[in-house]
Every structure is written in structure tokens, then in C-alpha cells.
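Step one of this worksheet: look at the structure below.
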Amino acid sequence: MTPFTQLTAPACPLVRSNVDTDQLIPARFMKEPRRVGYGQFLLYDLRHDDTGKPADDFILNQPGAEHFQIMVARRNFGAGSSREAAVYALVDYGFRCVIAPSFGDIFSSNAVNNGLLPALVNEADADRLLNALGSEPTPISVDLASQQIHFAGQVIPFDINAVWKTKLLNGWDDIDLTEGYRSKIDDFLLTYQTRYPWTQGQPEGAPGLIARDNR
Amino acid sequence: MSRQTLFDKIWQSHEICQNDEGQSLLWVDRHLAHEGSFHAFNKLAERGLSVRHPELTLGIADHYVPTHSRSLATVNDKTRSVIEQLITNTRAHGIPLIGLDDSRQGIVHVVGPELGLTQPGLVMVCGDSHTSTHGALGALAFGIGASEVAHVLATQTLWQNKPKQLRIRIDGALSPAATAKDIALAWISQLGADGARGYAIEYAGSAIDDLSVEARLTLCNLSIEGGARCGMIAPDDKTLAYLKNRPMAPKGDEFEQATAWWRTLVTDADAVFDREVELDASEIAPQVTWGTSPEEALPITACVPYPDDAHATDKARQHRDSIDYMGLKPGQALTDIAIDRVFIGSCTNARIEDLRAAAAVLKGRKSKVPGLISAGSTQVKAQAEAEGLDHIFIEAGLEWRESGCSMCVGMNGDQLASGERCASSTNRNFKGRQGLGSRTHLMSPAMVAAAAVAGHLTDVRPLLQEFPQP
């Protein structure tokens, strides 16, 4: 995964709260394999009118929108469905950071697992930032190490879980990291399965459903 | 150790270790995989990884499955491909699969409890946000994304930050027509759709004790709609009675051994929560949503709010936007909202008690609008048919369909047309959730049935015939 350290790029103001993952990517596009590029599906129903034509007044249809790498939104961004496709849509479009006063929990985890920084700011700072982002694409800077956002001569702090910060700064991947814990997992399992034997599954290759299916 | 919550006890028993940053590596007892897991399987394939414990994952097709019949013959190529990928991937990795033609098929969150796969004290995950459902039996269950699904498949573990803990205590007696759905919509409208973000919820209090296991499943299911990581209820006699003799529950001596542990899975009297919220069950009236977020819910006796009445400007903007999308007028009585369709289904409200409650209202009556009823599982469907509920629905003019996620998420093509308005027993009234331009009003199954009979949103209470007692 690409590490995230510092980013200066045009920011996209999405002046809405509760932008749920159903809006970030409508379900009908989720049958597609990732290789088609999910950026085209990002916020599809906001980007298009009822006839399927681009909605001219929507921010992602404005000139220069293809250069956006940072999104700024209101509270409860990425709520709802656990679909990681919502993060794929943002990342494939070119976004590397979303700034908002609150995020859906599962969305945040998914974001970090794809190198997308979910930066938490307070409501007042979100307002200041959104006010500073006019109709023209405006570049802002996000620095992960110092947890600061710089824009129009102002600086605001943001929050990020310490573990996620480390992961993003280093571009770490959980599966690789967990391999190093193999013996700890095996040790744990020895005790765990003795204490709670009914939680075990069948030996691999045995027929039928999970162990406890005694039909 | 004393002063532990139910959540603490399960967390501690599954914590393998912590890393330097204090994140915990948790053992995962059960993983449920549906069609959407293809991204995770592709991730494994890209890296040449195998599934570490295939016997601890169960595959079930639900999101994309057709409900008009069980045949894939008429399903479009892309949809069929997604269903077939689940079959191929589970087969390649030796993961058990409940296929489309299996009598145990259904929505993962209905099937898990029904088969006794869901048990107190287990850590359960699924690439679906409504995994919180399983907490109703005292499991620690939560939804995860595709990267995390891949991690679970590869290692049977998951790295997690320990969430804060919130207890929602609901005491008192619910009025006859108020249900678990109404409790959920009531607390979410009070706290907000992100009100429980960052928290694990434990539901407690006399109203929760009184709920049936199925009603508890509905309540825990909706925890995610208030932003919670999970929702759970301590196992009690009802839980144990529910589990006994379920096909995948432990049997004989093992059931007794498990019970001994399950009995300890209660929050200690002196345990401290990060936050406590209290509700009076007797004050909860049947709820409906009027907007495009589950937090935009009100008692059926209320009116669409005036955006200017709201305090914060952001809230006013959101309300205006919701009212506009939903095609409503501020001040309009909720009971004046005419509907085009009804849907009863989903992991939230399509268990047998839900279908009985809807049938009690629809019996001998006609629906003024078309609609679908899709049972939560094939077993629920068979049970409903054994009780003759299907005849009540069909005679009311509604379609009786096979089980799947169906019109809750519209992935299988069961959708509303743009601009259509649906009274729905589902979990999300998001823009476009039930199809492009769809307008969704969430409510309990009995309230959906009442809306069907009236042709508009209405209070079910005057229509109540023989409301089944839990």
C-alpha cells in the first residue's frame, strides 16, 4: 500500500451530511470487477440527472474536478453499508483523503486499509474549511505526522486513531503484519479450544457444514 | 475479574495479543460469506493465499438471489456471475455453502440464528453492516469491509481497536403495537444516525427482557443505523431455550458445558459504561421515517418537520434536502403520505413473528397498492406457509416471494421505479437504496401492512385484530 505522509491538492467541498455508502456507490455497480475502475461510479446518482446526463451543477462535474484528491464533507460521512466499494470509488477517482466531523466506523477501517486518510475535524473547523473552498478548485495541504490541515493561511488540527496513523504513514498491510503473529495465534488457540471446545470447526476436508451441524 | 461488561468478557476471551499501539488481535469464531465477498476472495487469489480455517466460514447467497423463483435461468449475466463466484470461491477453498436450492437458504443474518450457528460468547463477522444482528444472542458480532474479510479468511483473526461502551437501558412496558423496530427508530432519532458511532451497545432493561429473541434480533440489527460498532443483549433463559436443539448449536454435555459459560456472560453489577442512555418503553409509539436517514423518524401521529424549526443550520439544510427528495411538504401529517408500494422483508424484519404481525393486520383485507413479501429465510417461508400466512398475503393482493435481501437493497432487480414511494420493513431509507430515485419509509411489518390497507402511511393501532403475543 502507498504510504500517506503529506498531500497538497485541490479539495472538493461536498456540503452535505450523511453521505452514506449507498450514495458513494449505488449498489447496482457493485457487480463489476475492480479492474474496470470504480472512480466512474463515485457519487453516480448525484453526478447524473434522472436521464443519466451529467448534472452540470454538481461539484464533480465542474472544470478541474479531475484533479481533486481531498474531499471535505459534513458529519456522518460513509455511514451505512460496509461496502468497501465506496472506498474503491473514492480511491480510483483519485482521492487520498476525506475530511469530515464524523465517519461511519466501517468506512474508516476500509479507508485506512486502502491508504485513504479519514481525517476527523470538529464541526466549526469543517465549516471554516468549507467556507474557504469556493467554487474554484482550491488546493489545501494535509500533513499526517503533525495532524494538521493548512488552507488559506489557516491551520486546523485533525484526529486520527494512533494505530491507523502508523499504518497509513508506513503503508502497512494487516495480512503481512499478522503473519508475524502466527505462533501467538497457535498458542492462543490451544488454550481457547480446550476451554471452549464447542466453538471449533470440523477437521479440514470433512464433509458437511460447520462442525456442529448434526442434522 | 469483576467490573466487566458482557462486551469486555467476550473481548477478553478472544484477545490473542495487543500490538505496540494497543490494538487487539481477536480470534474470529464464525465468518459468514455472501456474494459480495468476491473482492476479498480476489484479494486472496492475487496474493496466492489460502483460507486458514475454511470450516469456520459459511457461505450463503442472499444479496443477489432472485425471489420470483430459485432458478438462475432468467437472471442477467452479471448477477448470475456474482452468485456463481460465491459457489466457485467456496468450493475452491473447501468452505461449506448453503446453496440457492438448499432448504436452509436465506438472508445470512436470519439463517445464522435459525441454525444455531449464532451463539452467546462468539465473535462473528461478515462483510455486511447488519452483522450486528447476531448480538441479540449475546455474540460479539460486527460488519467488516472486504480487506478485513480477506484478513479473516487468511488468518481467522482481525485487528480491532476496542470501542467505547454504551448501555441503552429501556424499562417499562411497550404499548401493544410498538415493536423492537420502534424502539430502534426511537433511539436513533434521539441520538442521531452517528449518535452511537465508536461505541459497542448493550441493550438492557425490563423492556429488553420482555422482548422475544426474534424481536431482539431486530433491535440489534438496527444498531448500525445509529452508527454503533455492534449491539448486544446478555443471554438469558429465552436465549438458551431458543438455541437448544438448533442444528448447529452444541448438543448434550457440550450444551451444558457451553451453558455454564454463557450464564457468566452478563454485565457485572458494578461495571461502568462510557455512556448510558435511558428510554421509557411506554412512551414509544409506532414510528415511521419521513426523510433519507434513519435518524429522520417520528411517531406516526406527527407531521413532517419545518426545516426552519431545527436549531443547527446544517440540520435545517439536511431536512430541506430530505423533504425535497422525498417529495413532501413541511407540516404535512405523516398519515397523509400516500404510498405506491409496500415491501416486507430483509434481515431486519422478515422472521416468522414479523410475518405473523403483518398477516394479523392483512387478514381479510385488501392492499390498495402492489407489494412484495420476501421471507427472511426459506425455513421462515415454509413455516409461514404451514400457518397459512401466504394465503392471507396473496388474498390481500401481495406477491409472496422466495427469500433473499430483495427490495431492501435492490441488488437482485427487485426495485422501485424512480419517484415511487414504499412503506418498507427494511433498515435504510437512503436515497436510491431501493432503486434510483426511490422513496423509502421505514416502519415495522404491522405498520407496513396497515399502510398497504390504507394506501397511505397510517397508525396500525385502530387496525389491530389479533396481535400475536410474544
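Labels for the C-alpha cells follow display order: chains A, B, ..., residues from 1 in each chain, ligands from 1.
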Stretch 180-399 of chain B: which residues are strand (DSSP E or B) by DSSP, as a PyMOL selection string?
chain B and resi 199-204+230-232+275-280+287-289+297-299+303+333+338+341-344+371-374+377+399
Which residues of chain B sit at most 7 Å from chain A, using only C-alpha atoms? Give each one's shortest atom pair and distance in Å (one decimal place), in chain and ascending residue order, as a Markdown table.
| residue | atom | partner | partner_atom | distance |
| --- | --- | --- | --- | --- |
| B:Ile16 | CA | A:Phe188 | CA | 5.9 |
| B:Glu21 | CA | A:Val163 | CA | 5.6 |
| B:Gln23 | CA | A:Val163 | CA | 7.0 |
| B:Asp29 | CA | A:Thr199 | CA | 6.6 |
| B:Glu55 | CA | A:Gly201 | CA | 5.3 |
| B:Leu56 | CA | A:Gly201 | CA | 5.8 |
| B:Lys78 | CA | A:Lys31 | CA | 6.4 |
| B:Thr79 | CA | A:Lys31 | CA | 6.7 |
| B:Val82 | CA | A:Lys31 | CA | 6.4 |
| B:Gly94 | CA | A:Gly205 | CA | 6.8 |
| B:Pro96 | CA | A:Leu209 | CA | 5.2 |
| B:Gly127 | CA | A:Ser82 | CA | 6.5 |
| B:Asp128 | CA | A:Ser82 | CA | 5.4 |
| B:Ser129 | CA | A:Ser82 | CA | 5.0 |
| B:Gly143 | CA | A:Ser82 | CA | 6.5 |
| B:Ile144 | CA | A:Ser82 | CA | 6.1 |
| B:Gly145 | CA | A:Glu84 | CA | 5.2 |
| B:Ala146 | CA | A:Glu84 | CA | 5.8 |
| B:Ser147 | CA | A:Asn113 | CA | 6.5 |
| B:His151 | CA | A:Ile175 | CA | 5.7 |
| B:Asp194 | CA | A:Asn76 | CA | 5.9 |
| B:Arg197 | CA | A:Asp105 | CA | 6.6 |
| B:Gly198 | CA | A:Asp105 | CA | 6.6 |
| B:Glu225 | CA | A:Gly80 | CA | 6.6 |
| B:Gly227 | CA | A:Gly104 | CA | 6.4 |
| B:Arg229 | CA | A:Asp105 | CA | 6.8 |
| B:Pro247 | CA | A:Asp213 | CA | 5.2 |
| B:Met248 | CA | A:Asp213 | CA | 4.3 |
| B:Ala249 | CA | A:Arg212 | CA | 6.1 |
| B:Pro250 | CA | A:Trp198 | CA | 6.1 |
| B:Glu254 | CA | A:Trp198 | CA | 6.5 |
| B:Gln318 | CA | A:Ser17 | CA | 6.9 |
| B:Met411 | CA | A:Arg28 | CA | 6.0 |
| B:Lys431 | CA | A:Gln23 | CA | 7.0 |
| B:Arg433 | CA | A:Asp22 | CA | 6.5 |
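We find atom CA of B:Ala150 and atom CA of A:Gly180 to be spaced 16.7 Å apart.
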Can you pull out the residues contacting stretch 184-192 of chain B? Cut-off 7 Å, using only C-alpha atoms, and skip same-chain residues under 3 positions away; I want them as a list in words.
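Skipping anything fewer than 3 positions along the chain leaves Ala180, Lys181, Gly195, Leu219, Leu222, Gly226, Ile284, Gln287, Pro294, Glu295, Glu296 and Ala297 of chain B.
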Just the selected residues (N, CA, C and O atoms), exported as a PDB file, in the first residue's frame, please.
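Done, and the output landed in out20.pdb:
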ATOM      1  N   ALA B 180     -39.860  -3.839  18.493  1.00  0.00           N
ATOM      2  CA  ALA B 180     -38.409  -3.601  18.556  1.00  0.00           C
ATOM      3  C   ALA B 180     -37.984  -2.582  17.498  1.00  0.00           C
ATOM      4  O   ALA B 180     -37.085  -1.774  17.720  1.00  0.00           O
ATOM      5  N   LYS B 181     -38.635  -2.617  16.342  1.00  0.00           N
ATOM      6  CA  LYS B 181     -38.332  -1.649  15.281  1.00  0.00           C
ATOM      7  C   LYS B 181     -38.569  -0.227  15.770  1.00  0.00           C
ATOM      8  O   LYS B 181     -37.787   0.689  15.498  1.00  0.00           O
ATOM      9  N   GLY B 195     -25.043   8.803  16.352  1.00  0.00           N
ATOM     10  CA  GLY B 195     -25.091   9.006  17.805  1.00  0.00           C
ATOM     11  C   GLY B 195     -24.323   7.970  18.597  1.00  0.00           C
ATOM     12  O   GLY B 195     -23.824   8.250  19.682  1.00  0.00           O
ATOM     13  N   LEU B 219     -33.828  -5.476  16.949  1.00  0.00           N
ATOM     14  CA  LEU B 219     -33.237  -4.335  17.656  1.00  0.00           C
ATOM     15  C   LEU B 219     -31.723  -4.269  17.426  1.00  0.00           C
ATOM     16  O   LEU B 219     -31.181  -3.211  17.089  1.00  0.00           O
ATOM     17  N   LEU B 222     -30.482  -3.128  13.940  1.00  0.00           N
ATOM     18  CA  LEU B 222     -30.532  -1.701  13.604  1.00  0.00           C
ATOM     19  C   LEU B 222     -29.482  -0.880  14.349  1.00  0.00           C
ATOM     20  O   LEU B 222     -29.407   0.332  14.168  1.00  0.00           O
ATOM     21  N   GLY B 226     -27.617   3.536  13.953  1.00  0.00           N
ATOM     22  CA  GLY B 226     -27.257   4.612  14.871  1.00  0.00           C
ATOM     23  C   GLY B 226     -25.747   4.776  14.948  1.00  0.00           C
ATOM     24  O   GLY B 226     -25.228   5.466  15.815  1.00  0.00           O
ATOM     25  N   ILE B 284     -42.961   4.928  23.781  1.00  0.00           N
ATOM     26  CA  ILE B 284     -42.599   4.699  22.375  1.00  0.00           C
ATOM     27  C   ILE B 284     -43.842   4.325  21.562  1.00  0.00           C
ATOM     28  O   ILE B 284     -44.466   3.299  21.782  1.00  0.00           O
ATOM     29  N   GLN B 287     -43.369   4.112  14.960  1.00  0.00           N
ATOM     30  CA  GLN B 287     -42.556   5.125  14.294  1.00  0.00           C
ATOM     31  C   GLN B 287     -42.563   4.926  12.780  1.00  0.00           C
ATOM     32  O   GLN B 287     -42.689   3.794  12.301  1.00  0.00           O
ATOM     33  N   PRO B 294     -32.076   7.143   8.730  1.00  0.00           N
ATOM     34  CA  PRO B 294     -32.885   6.520   9.776  1.00  0.00           C
ATOM     35  C   PRO B 294     -33.117   7.443  10.972  1.00  0.00           C
ATOM     36  O   PRO B 294     -34.048   7.231  11.747  1.00  0.00           O
ATOM     37  N   GLU B 295     -32.285   8.475  11.139  1.00  0.00           N
ATOM     38  CA  GLU B 295     -32.491   9.415  12.252  1.00  0.00           C
ATOM     39  C   GLU B 295     -33.709  10.298  12.003  1.00  0.00           C
ATOM     40  O   GLU B 295     -34.218  10.931  12.926  1.00  0.00           O
ATOM     41  N   GLU B 296     -34.174  10.354  10.770  1.00  0.00           N
ATOM     42  CA  GLU B 296     -35.326  11.194  10.445  1.00  0.00           C
ATOM     43  C   GLU B 296     -36.608  10.366  10.610  1.00  0.00           C
ATOM     44  O   GLU B 296     -37.294  10.046   9.647  1.00  0.00           O
ATOM     45  N   ALA B 297     -36.866  10.005  11.845  1.00  0.00           N
ATOM     46  CA  ALA B 297     -38.035   9.189  12.201  1.00  0.00           C
ATOM     47  C   ALA B 297     -38.881   9.932  13.222  1.00  0.00           C
ATOM     48  O   ALA B 297     -38.352  10.699  14.034  1.00  0.00           O
TER      49      ALA B 297
END
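As for atom CA of B:Leu25 and atom CA of A:Thr191, they are spaced 15.7 Å apart.
As for atom CA of B:Lys164 and atom CA of B:Gly205, they are spaced 19.8 Å apart.
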Test item: residues at most 12 Å from A:Gly52, only C-alpha atoms, excluding those fewer than 6 positions along its chain, as a PyMOL selection string:
(chain A and resi 44-46) or (chain B and resi 436-437)
10 Å contact set for stretch 384-390 of chain B, only C-alpha atoms, chain neighbours under 6 positions out, as a PDB file with N, CA and C atoms, in the first residue's frame:
ATOM      1  N   ARG B 351     -38.704 -12.264   9.899  1.00  0.00           N
ATOM      2  CA  ARG B 351     -38.767 -13.533  10.620  1.00  0.00           C
ATOM      3  C   ARG B 351     -40.237 -13.903  10.813  1.00  0.00           C
ATOM      4  N   ILE B 352     -40.472 -15.092  11.344  1.00  0.00           N
ATOM      5  CA  ILE B 352     -41.854 -15.580  11.386  1.00  0.00           C
ATOM      6  C   ILE B 352     -42.756 -14.660  12.215  1.00  0.00           C
ATOM      7  N   GLU B 353     -42.239 -14.123  13.319  1.00  0.00           N
ATOM      8  CA  GLU B 353     -43.088 -13.231  14.130  1.00  0.00           C
ATOM      9  C   GLU B 353     -43.463 -11.975  13.355  1.00  0.00           C
ATOM     10  N   LEU B 355     -43.842 -11.792  10.070  1.00  0.00           N
ATOM     11  CA  LEU B 355     -44.856 -12.153   9.075  1.00  0.00           C
ATOM     12  C   LEU B 355     -46.210 -12.366   9.748  1.00  0.00           C
ATOM     13  N   ARG B 356     -46.183 -12.935  10.942  1.00  0.00           N
ATOM     14  CA  ARG B 356     -47.448 -13.112  11.684  1.00  0.00           C
ATOM     15  C   ARG B 356     -48.068 -11.749  12.008  1.00  0.00           C
ATOM     16  N   ALA B 358     -47.723  -8.935  10.416  1.00  0.00           N
ATOM     17  CA  ALA B 358     -48.261  -8.330   9.189  1.00  0.00           C
ATOM     18  C   ALA B 358     -49.550  -9.030   8.783  1.00  0.00           C
ATOM     19  N   ALA B 359     -49.550 -10.364   8.897  1.00  0.00           N
ATOM     20  CA  ALA B 359     -50.726 -11.135   8.496  1.00  0.00           C
ATOM     21  C   ALA B 359     -51.915 -10.815   9.398  1.00  0.00           C
ATOM     22  N   ALA B 360     -51.667 -10.544  10.667  1.00  0.00           N
ATOM     23  CA  ALA B 360     -52.757 -10.218  11.598  1.00  0.00           C
ATOM     24  C   ALA B 360     -53.501  -8.965  11.143  1.00  0.00           C
ATOM     25  N   LEU B 362     -53.412  -7.843   7.853  1.00  0.00           N
ATOM     26  CA  LEU B 362     -53.892  -8.015   6.472  1.00  0.00           C
ATOM     27  C   LEU B 362     -55.034  -9.029   6.347  1.00  0.00           C
ATOM     28  N   LYS B 363     -55.230  -9.825   7.365  1.00  0.00           N
ATOM     29  CA  LYS B 363     -56.217 -10.904   7.282  1.00  0.00           C
ATOM     30  C   LYS B 363     -57.600 -10.359   6.919  1.00  0.00           C
ATOM     31  N   ILE B 373     -43.669  -9.598  -0.495  1.00  0.00           N
ATOM     32  CA  ILE B 373     -43.288 -10.121   0.812  1.00  0.00           C
ATOM     33  C   ILE B 373     -42.262 -11.218   0.558  1.00  0.00           C
ATOM     34  N   ALA B 375     -39.803 -13.695   2.616  1.00  0.00           N
ATOM     35  CA  ALA B 375     -39.463 -14.220   3.945  1.00  0.00           C
ATOM     36  C   ALA B 375     -37.948 -14.146   4.171  1.00  0.00           C
ATOM     37  N   THR B 378     -35.728 -19.463   3.776  1.00  0.00           N
ATOM     38  CA  THR B 378     -36.592 -20.477   3.174  1.00  0.00           C
ATOM     39  C   THR B 378     -37.330 -21.250   4.265  1.00  0.00           C
ATOM     40  N   ALA B 396     -54.698 -10.711  -0.018  1.00  0.00           N
ATOM     41  CA  ALA B 396     -54.665  -9.248   0.138  1.00  0.00           C
ATOM     42  C   ALA B 396     -54.141  -8.571  -1.125  1.00  0.00           C
ATOM     43  N   LEU B 398     -50.933  -9.202  -2.445  1.00  0.00           N
ATOM     44  CA  LEU B 398     -49.478  -9.023  -2.418  1.00  0.00           C
ATOM     45  C   LEU B 398     -48.765 -10.250  -2.981  1.00  0.00           C
ATOM     46  N   GLU B 399     -47.540 -10.044  -3.443  1.00  0.00           N
ATOM     47  CA  GLU B 399     -46.750 -11.149  -4.010  1.00  0.00           C
ATOM     48  C   GLU B 399     -45.974 -11.849  -2.901  1.00  0.00           C
ATOM     49  N   TRP B 400     -46.020 -13.161  -2.922  1.00  0.00           N
ATOM     50  CA  TRP B 400     -45.342 -13.991  -1.920  1.00  0.00           C
ATOM     51  C   TRP B 400     -44.095 -14.556  -2.583  1.00  0.00           C
ATOM     52  N   ARG B 401     -42.930 -14.071  -2.196  1.00  0.00           N
ATOM     53  CA  ARG B 401     -41.691 -14.380  -2.899  1.00  0.00           C
ATOM     54  C   ARG B 401     -40.754 -15.301  -2.112  1.00  0.00           C
TER      55      ARG B 401
END
Extract, using only C-alpha atoms, all DNA, RNA and protein residues at most 7 Å from stretch 104-119 of chain B, discarding same-chain residues fewer than 5 positions from it, and format them as JSON, numbers by chain.
{"B": [32, 60, 62, 98, 99, 131, 133, 134, 137, 138, 139, 243, 246, 247, 248, 249, 347, 376, 377, 378, 379, 403, 404, 405]}
Just the residues within 8 Å of stretch 115-118 of chain A, please, counting only C-alpha atoms, with nothing from its chain fewer than 6 positions along; format it as a PyMOL selection string.
chain A and resi 1-4+87+91+95-100+103+108+160+168+171
What parts of stretch 29-213 of chain A does DSSP call alpha helix (DSSP H)? I'd like the answer as JSON, numbers by chain.
{"A": [44, 45, 46, 47, 85, 86, 87, 88, 89, 90, 91, 92, 93, 105, 106, 107, 108, 109, 110, 111, 112, 123, 124, 125, 126, 127, 128, 129, 130, 131, 132, 162, 163, 164, 165, 166, 167, 168, 169, 170, 174, 175, 176, 177, 178, 179, 182, 183, 184, 185, 186, 187, 188, 189, 190, 191, 192, 193, 194, 195]}
